[in-house]
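Raw start.txt, compact mmCIF, C-alpha atoms:
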```txt
# COMPACT_ATOMS: atom_id res chain seq x y z
CA MET A 1 76.79 105.08 63.05
CA TYR A 2 79.43 102.97 64.81
CA PHE A 3 81.83 104.25 67.41
CA TYR A 4 85.03 102.45 68.21
CA LYS A 5 86.82 102.69 71.49
CA VAL A 6 90.38 103.77 70.79
CA LYS A 7 93.10 103.22 73.37
CA TYR A 8 95.57 106.07 73.37
CA SER A 9 98.99 105.26 74.69
CA TRP A 10 101.46 107.79 75.95
CA MET A 11 104.40 107.60 78.26
CA LYS A 12 103.52 108.84 81.72
CA ASN A 13 106.34 110.73 83.41
CA LEU A 14 106.06 109.89 87.08
CA VAL A 15 107.56 112.12 89.76
CA GLY A 16 108.64 111.62 93.36
CA THR A 17 110.58 109.59 95.90
CA TYR A 18 108.74 108.11 98.86
CA ASP A 19 109.90 106.43 102.07
CA CYS A 20 107.53 103.56 102.83
CA LYS A 21 107.15 100.69 105.27
CA VAL A 22 106.67 97.02 104.43
CA ASP A 23 104.37 95.11 106.76
CA SER A 24 105.07 91.60 108.07
CA LYS A 25 103.30 90.02 105.07
CA GLY A 26 105.35 91.98 102.50
CA ARG A 27 102.67 94.56 101.67
CA VAL A 28 103.47 98.18 100.83
CA MET A 29 101.01 101.06 100.82
CA MET A 30 101.12 102.91 97.50
CA PRO A 31 101.70 106.59 98.41
CA ALA A 32 98.59 108.62 97.54
CA SER A 33 100.47 111.22 95.50
CA LEU A 34 102.10 108.48 93.41
CA ASN A 35 98.84 106.59 93.04
CA ASN A 36 97.16 109.79 91.80
CA GLN A 37 99.77 110.02 89.02
CA ILE A 38 99.41 106.40 87.93
CA LEU A 39 95.61 106.08 87.93
CA GLU A 40 95.83 102.30 87.53
CA SER A 41 95.49 99.43 89.98
CA ASP A 42 97.07 96.69 87.84
CA PHE A 43 100.86 96.38 87.77
CA VAL A 44 103.74 94.17 86.74
CA ILE A 45 106.65 93.77 89.15
CA LYS A 46 110.06 92.42 88.16
CA ARG A 47 113.74 92.38 89.01
CA SER A 48 115.79 95.28 87.71
CA VAL A 49 118.32 94.49 85.00
CA PHE A 50 121.01 96.89 86.21
CA ASN A 51 120.26 97.50 89.89
CA HIS A 52 119.59 95.53 93.05
CA CYS A 53 115.99 96.72 93.18
CA LEU A 54 112.54 95.93 91.79
CA GLU A 55 110.64 97.66 89.01
CA LEU A 56 106.90 98.26 89.22
CA TYR A 57 105.22 99.01 85.90
CA PRO A 58 101.63 100.15 85.43
CA VAL A 59 100.14 97.60 83.03
CA SER A 60 99.76 100.19 80.26
CA GLU A 61 103.50 100.94 80.41
CA TRP A 62 104.36 97.24 80.62
CA ASP A 63 102.33 96.62 77.47
CA HIS A 64 104.44 99.26 75.72
CA MET A 65 107.63 97.51 76.92
CA MET A 66 106.34 94.13 75.74
CA ASN A 67 105.63 95.59 72.30
CA GLN A 68 109.37 96.33 72.06
CA VAL A 69 110.35 92.87 73.29
CA ASN A 70 107.91 91.22 70.86
CA LYS A 71 109.83 92.75 67.96
CA LEU A 72 112.84 90.57 68.75
CA ASN A 73 113.48 87.68 66.39
CA ARG A 74 112.81 84.49 68.39
CA PHE A 75 114.99 82.49 65.97
CA VAL A 76 118.07 84.20 67.38
CA LYS A 77 119.28 82.38 70.50
CA LYS A 78 120.55 85.56 72.22
CA ASN A 79 117.08 87.06 71.88
CA ASN A 80 115.46 84.01 73.50
CA ASP A 81 118.04 84.03 76.28
CA PHE A 82 117.43 87.74 76.88
CA ILE A 83 113.64 87.33 76.93
CA ARG A 84 113.81 84.40 79.36
CA SER A 85 116.10 86.26 81.74
CA TYR A 86 114.28 89.58 81.40
CA LEU A 87 110.93 88.01 82.23
CA SER A 88 112.10 85.63 84.97
CA GLY A 89 110.52 86.38 88.31
CA LEU A 90 107.90 88.60 86.68
CA ARG A 91 104.54 88.86 88.46
CA SER A 92 101.32 90.73 87.95
CA LEU A 93 99.74 92.35 90.95
CA LYS A 94 96.87 94.58 91.92
CA LEU A 95 96.39 97.18 94.59
CA ASP A 96 94.06 95.86 97.27
CA HIS A 97 91.05 97.78 98.62
CA SER A 98 93.38 99.66 101.00
CA GLY A 99 95.81 100.74 98.26
CA ARG A 100 98.49 98.20 99.17
CA PHE A 101 100.42 95.78 96.98
CA LEU A 102 102.13 92.54 97.95
CA ILE A 103 105.77 92.02 97.00
CA PRO A 104 106.31 88.30 96.24
CA LYS A 105 108.72 86.54 98.62
CA ASP A 106 111.35 85.70 95.98
CA LEU A 107 111.48 89.34 94.91
CA VAL A 108 111.74 90.45 98.55
CA VAL A 109 114.83 88.25 98.83
CA PHE A 110 116.30 89.44 95.50
CA ALA A 111 116.09 93.13 96.48
CA SER A 112 116.93 92.62 100.17
CA ILE A 113 113.64 94.25 101.08
CA ASN A 114 113.12 94.79 104.78
CA LYS A 115 110.86 97.05 106.82
CA ASP A 116 112.05 100.31 105.20
CA VAL A 117 111.81 100.78 101.44
CA VAL A 118 112.01 103.64 98.98
CA LEU A 119 109.63 103.92 96.05
CA THR A 120 111.14 106.24 93.48
CA ALA A 121 109.66 107.32 90.18
CA SER A 122 111.82 106.44 87.20
CA VAL A 123 110.09 108.10 84.23
CA ASN A 124 107.36 105.54 83.39
CA MET A 125 107.78 103.05 86.25
CA VAL A 126 108.59 102.90 89.95
CA GLU A 127 111.75 101.43 91.43
CA ILE A 128 111.41 99.70 94.81
CA TRP A 129 114.60 99.74 96.86
CA ASN A 130 115.84 98.62 100.23
CA LYS A 131 116.19 102.07 101.83
CA ASP A 132 119.87 101.69 102.80
CA GLU A 133 120.85 100.39 99.35
CA TYR A 134 118.97 103.22 97.65
CA GLU A 135 120.73 105.86 99.72
CA GLN A 136 124.14 104.25 99.07
CA THR A 137 123.48 103.98 95.31
CA VAL A 138 122.38 107.62 95.08
CA LYS A 139 125.39 108.70 97.15
CA GLU A 140 127.79 106.84 94.82
CA THR A 141 126.11 108.25 91.70
CA LEU A 142 126.22 111.81 93.03
CA VAL A 143 130.01 111.69 93.54
CA ASP A 144 130.60 112.64 89.90
CA PHE A 145 127.09 113.38 88.70
CA ALA A 146 128.19 116.41 86.67
CA SER A 147 130.44 114.22 84.49
CA LEU A 148 127.72 111.59 84.14
CA ALA A 149 125.18 114.24 83.14
CA GLU A 150 127.55 115.67 80.56
CA GLU A 151 128.32 112.23 79.13
CA VAL A 152 124.69 111.14 78.92
CA MET A 153 123.00 114.43 78.02
CA GLY A 154 125.82 116.73 76.86
CA ASN A 155 125.88 115.68 73.21
CA LYS A 156 122.14 116.16 72.78
CA SER A 157 120.90 119.12 70.82
CA THR A 158 118.09 121.00 72.52
CA ASN A 159 115.99 120.34 69.42
CA GLU A 160 116.42 116.57 69.18
CA ASP A 161 114.62 113.92 71.19
CA VAL A 162 116.56 112.51 74.11
CA SER A 163 116.18 108.73 73.99
```
What's the structure tokens form of this structure?
Amino acid sequence: MYFYKVKYSWMKNLVGTYDCKVDSKGRVMMPASLNNQILESDFVIKRSVFNHCLELYPVSEWDHMMNQVNKLNRFVKKNNDFIRSYLSGLRSLKLDHSGRFLIPKDLVVFASINKDVVLTASVNMVEIWNKDEYEQTVKETLVDFASLAEEVMGNKSTNEDVS
């Protein structure tokens, strides 16, 4: 009898916002409570498309994202342009033996990372923000959050998937 190892994939819904410090070499300690949710030590880090922050994907979630990107027709120039831009600056990284990860220098510059950062769960990945920029962005979003919530979620039936 043969047994096959089957990889089950599901979207992990991460939770939490964490104030962290960056050391002089650009390393950040992964908060224990976040690390316990992720249960992986391999990640992909990239620039955010819409925000002035970085996105940290567990490899299993990144693989899911790449499956979507791989469905794009490469014979359409816009698709190639999107893929090139979306993947520019992308790096893989691992947690070290102390539970830290190193933010590459060019990404530190892109996100204006300094000593104080915020790691915030964003469904299936973690956003890494300069602390001051994060607080300003949240403050601006909260000004009319009720209207935003209604616009984004208000037309959804409680029985249909929100996607």
Inset, instruction - Rounded to one decimal place, report the CA of Ile83 in chain A-CA of Glu61 in chain A distance in Å. - result: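 Separation between CA of Ile83 in chain A and CA of Glu61 in chain A: 17.3 Å.
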Inset, instruction - Find the spatial neighbours of Ser122 in chain A, counting all atoms listed in the file, within a cut-off of 8 Å - ignore same-chain residues fewer than 2 positions away - and output them as JSON, numbers by chain. - result: {"A": [13, 14, 15, 120, 124, 125, 126, 127]}
Legend entry - Selection near Ala121 in chain A, 12 Å with all atoms listed in the file, sequence-local residues under 3 positions removed, as number ranges by chain: A: 12-19, 31, 33-35, 37-38, 54-58, 118, 124-129
Inset, instruction - Can you work out the spacing between CA of Leu93 in chain A and CA of Val44 in chain A in Å, to one decimal? - result: 6.1 Å
Legend entry - Selected residue, from A:Asn114, A:Ser60, A:Ser147, A:Thr137, that lies nearest to Gly26 in chain A when counting all atoms listed in the file: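 Of the candidates, the smallest distance to Gly26 in chain A is held by A:Asn114.
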Inset, instruction - For CA of Lys115 in chain A and CA of Asp23 in chain A, quote the distance in Å rounded to one decimal. - result: 6.8 Å
List as a PDB file with C-alpha atoms, keeping the file's coordinate frame the protein and nucleic acid residues near Ser85 in chain A, meaning an atom at most 12 Å away when all atoms listed in the file are counted, but skip any in the same chain fewer than 4 places from it.
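The result, stored in result_1.pdb:
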```
ATOM      1  CA  LYS A  46     110.060  92.420  88.160  1.00  0.00           C
ATOM      2  CA  ARG A  47     113.740  92.380  89.010  1.00  0.00           C
ATOM      3  CA  SER A  48     115.790  95.280  87.710  1.00  0.00           C
ATOM      4  CA  VAL A  49     118.320  94.490  85.000  1.00  0.00           C
ATOM      5  CA  LYS A  78     120.550  85.560  72.220  1.00  0.00           C
ATOM      6  CA  ASN A  79     117.080  87.060  71.880  1.00  0.00           C
ATOM      7  CA  ASN A  80     115.460  84.010  73.500  1.00  0.00           C
ATOM      8  CA  ASP A  81     118.040  84.030  76.280  1.00  0.00           C
ATOM      9  CA  GLY A  89     110.520  86.380  88.310  1.00  0.00           C
ATOM     10  CA  LEU A  90     107.900  88.600  86.680  1.00  0.00           C
TER      11      LEU A  90
END
```
Legend entry - Among the residues A:Cys53, A:Ala32, A:Leu39, A:Ala146, the one that comes closest to Ile113 in chain A [using all atoms listed in the file]: A:Cys53
